[in-house]
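Chemist: File run25.pdb below, PDB, C-alpha atoms:
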```
ATOM      1  CA  MET A   1     169.471 123.577  63.920
ATOM      2  CA  ASN A   2     168.781 120.067  65.231
ATOM      3  CA  LYS A   3     167.716 117.098  63.111
ATOM      4  CA  ARG A   4     163.984 117.564  63.762
ATOM      5  CA  GLU A   5     164.142 121.248  62.765
ATOM      6  CA  GLN A   6     166.043 120.322  59.603
ATOM      7  CA  ILE A   7     163.407 117.778  58.654
ATOM      8  CA  ARG A   8     160.611 120.265  59.266
ATOM      9  CA  ALA A   9     162.404 122.819  57.093
ATOM     10  CA  VAL A  10     162.653 120.301  54.250
ATOM     11  CA  ILE A  11     158.983 119.397  54.579
ATOM     12  CA  ARG A  12     157.991 123.069  54.550
ATOM     13  CA  GLU A  13     159.956 123.555  51.339
ATOM     14  CA  GLU A  14     158.279 120.596  49.627
ATOM     15  CA  ILE A  15     154.753 121.238  50.868
ATOM     16  CA  ASP A  16     153.732 124.820  50.380
ATOM     17  CA  GLU A  17     150.608 126.362  51.855
ATOM     18  CA  THR A  18     148.576 125.529  48.763
ATOM     19  CA  SER A  19     149.161 121.795  49.321
ATOM     20  CA  PHE A  20     147.425 121.651  52.698
ATOM     21  CA  PRO A  21     143.918 122.364  51.386
ATOM     22  CA  LEU A  22     144.434 119.610  48.815
ATOM     23  CA  ILE A  23     145.544 117.153  51.511
ATOM     24  CA  GLU A  24     142.570 118.128  53.683
ATOM     25  CA  GLU A  25     140.233 117.647  50.713
ATOM     26  CA  ILE A  26     141.599 114.164  50.047
ATOM     27  CA  LEU A  27     141.273 113.228  53.714
ATOM     28  CA  GLU A  28     137.739 114.596  53.881
ATOM     29  CA  LYS A  29     136.654 112.536  50.873
ATOM     30  CA  ARG A  30     138.167 109.355  52.302
ATOM     31  CA  ILE A  31     136.662 109.953  55.744
ATOM     32  CA  ASP A  32     133.292 110.675  54.123
ATOM     33  CA  LYS A  33     133.385 107.205  52.547
ATOM     34  CA  VAL A  34     134.252 105.620  55.901
ATOM     35  CA  VAL A  35     131.417 107.499  57.624
ATOM     36  CA  THR A  36     129.008 106.352  54.915
ATOM     37  CA  ILE A  37     130.023 102.730  55.471
ATOM     38  CA  LEU A  38     129.722 103.045  59.240
ATOM     39  CA  GLY A  39     126.324 104.711  58.876
ATOM     40  CA  CYS A  40     125.076 101.949  56.573
ATOM     41  CA  GLU A  41     125.831  99.210  59.077
ATOM     42  CA  GLY A  42     122.449  99.958  60.643
ATOM     43  CA  ASN A  43     123.342  98.407  63.956
ATOM     44  CA  GLY A  44     121.718 101.245  65.883
ATOM     45  CA  ARG A  45     125.050 102.456  67.186
ATOM     46  CA  ASP A  46     125.881 106.056  67.195
ATOM     47  CA  GLY A  47     129.375 107.214  68.002
ATOM     48  CA  VAL A  48     130.678 107.511  64.452
ATOM     49  CA  TYR A  49     132.889 110.352  65.669
ATOM     50  CA  ASP A  50     134.619 108.211  68.280
ATOM     51  CA  GLU A  51     134.925 105.291  65.895
ATOM     52  CA  VAL A  52     136.545 107.370  63.149
ATOM     53  CA  LEU A  53     138.903 109.050  65.620
ATOM     54  CA  SER A  54     139.959 105.629  66.912
ATOM     55  CA  MET A  55     140.668 104.476  63.356
ATOM     56  CA  VAL A  56     142.770 107.547  62.595
ATOM     57  CA  GLU A  57     144.596 107.329  65.921
ATOM     58  CA  LYS A  58     145.351 103.648  65.378
ATOM     59  CA  ALA A  59     146.711 104.348  61.892
ATOM     60  CA  LEU A  60     148.911 107.198  63.161
ATOM     61  CA  ILE A  61     150.330 105.053  65.942
ATOM     62  CA  LYS A  62     151.077 102.199  63.546
ATOM     63  CA  ILE A  63     152.842 104.612  61.180
ATOM     64  CA  ALA A  64     154.840 106.115  64.043
ATOM     65  CA  MET A  65     155.848 102.673  65.304
ATOM     66  CA  ARG A  66     156.993 101.583  61.831
ATOM     67  CA  ARG A  67     158.960 104.785  61.300
ATOM     68  CA  SER A  68     160.625 104.433  64.693
ATOM     69  CA  SER A  69     161.529 100.736  64.252
ATOM     70  CA  ASN A  70     159.030  99.901  67.021
ATOM     71  CA  VAL A  71     160.757 102.094  69.606
ATOM     72  CA  LYS A  72     157.933 103.574  71.700
ATOM     73  CA  THR A  73     159.910 106.571  72.928
ATOM     74  CA  ALA A  74     160.825 107.556  69.368
ATOM     75  CA  ALA A  75     157.257 106.931  68.154
ATOM     76  CA  ALA A  76     155.871 109.093  70.966
ATOM     77  CA  ASP A  77     158.326 111.871  70.079
ATOM     78  CA  PHE A  78     157.292 111.620  66.427
ATOM     79  CA  LEU A  79     153.630 112.012  67.436
ATOM     80  CA  GLY A  80     154.374 114.740  69.967
ATOM     81  CA  ILE A  81     152.934 112.812  72.906
ATOM     82  CA  ASN A  82     154.299 111.322  76.107
ATOM     83  CA  ARG A  83     155.581 107.730  75.959
ATOM     84  CA  ASN A  84     153.156 106.670  78.721
ATOM     85  CA  THR A  85     150.278 108.215  76.778
ATOM     86  CA  LEU A  86     151.350 106.245  73.703
ATOM     87  CA  HIS A  87     151.506 103.040  75.735
ATOM     88  CA  THR A  88     148.007 103.673  77.153
ATOM     89  CA  LYS A  89     146.581 104.407  73.700
ATOM     90  CA  MET A  90     148.215 101.285  72.242
ATOM     91  CA  LYS A  91     146.679  99.180  74.989
ATOM     92  CA  LYS A  92     143.234 100.767  74.512
ATOM     93  CA  LEU A  93     143.396 100.319  70.720
ATOM     94  CA  LYS A  94     144.847  96.794  71.046
ATOM     95  CA  ILE A  95     148.013  97.600  69.110
ATOM     96  CA  ARG A  96     150.862  95.200  69.779
TER
END
```
Using structure tokens, write down the structure from this file.
Modeler:
Amino acid sequence: MNKREQIRAVIREEIDETSFPLIEEILEKRIDKVVTILGCEGNGRDGVYDEVLSMVEKALIKIAMRRSSNVKTAAADFLGINRNTLHTKMKKLKIR
């Protein structure tokens, strides 16, 4: 069992199946608040979906970069994406 598999096993032990609905509920409530704020801006823009996805993607990338000590290859592995894809997303989202 490699390191990644060991970590996943530990996570599975700590977070049982009943925890996931709770996590999803918390996320849904938080996202609902964000959507409400975006909808209240009244600037005539639609695209709330894309805006929220960009926010979540940016947060995930920042977390991955912190956890990988700013090593893009390790951050990409953590996220399960290609390093070039990570680089492209960072550029698009203006993440240094």
Chemist: Residues at most 12 Å from stretch 31-35 of chain A, counting all atoms listed in the file, excluding those fewer than 6 positions away in the same chain, as a list in words?
Modeler: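 Here the qualifying residues turn out to be Glu24, Glu25, Glu41, Asp46, Gly47, Val48, Tyr49, Asp50, Glu51, Val52, Leu53, Met55 and Val56 of chain A.
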Chemist: Might you spell out which residues the PyMOL selection byres ((chain A and resi 81-91) around 12) would select in the displayed file, as a list in words?
Modeler: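 Here the PyMOL selection byres ((chain A and resi 81-91) around 12) matches Ser54, Met55, Glu57, Lys58, Ala59, Leu60, Ile61, Lys62, Ala64, Met65, Asn70, Val71, Lys72, Thr73, Ala74, Ala75, Ala76, Asp77, Phe78, Leu79, Gly80, Lys92, Leu93, Lys94, Ile95 and Arg96 of chain A.
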Chemist: Mind giving me the straight-line distance from atom CA of A:Ile37 to atom CA of A:Pro21 in Å, one decimal?
Modeler: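 For atom CA of A:Ile37 relative to atom CA of A:Pro21, the distance reads 24.4 Å.
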Chemist: Might I get the box with edges along x, y and z of the file that holds all atoms of stretch 46-60 of chain A listed there, padded by 4 Å on every side, given as centre and edge lengths in Å to one decimal, as AutoDock Vina command-line options?
Modeler:
```
--center_x 137.4 --center_y 107.0 --center_z 65.1 --size_x 31.0 --size_y 14.7 --size_z 14.4
```
Chemist: Please compute the atom CA of A:Glu5-atom CA of A:Ile26 distance, one decimal, in Å.
Modeler: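 Atom CA of A:Ile26 lies at a distance of 26.8 Å from atom CA of A:Glu5.
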Chemist: Would you mind reading off the distance between atom CA of A:Ile23 and atom CA of A:Leu38, one decimal, in Å?
Modeler: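 We find that atom CA of A:Ile23 and atom CA of A:Leu38 lie 22.6 Å from each other.
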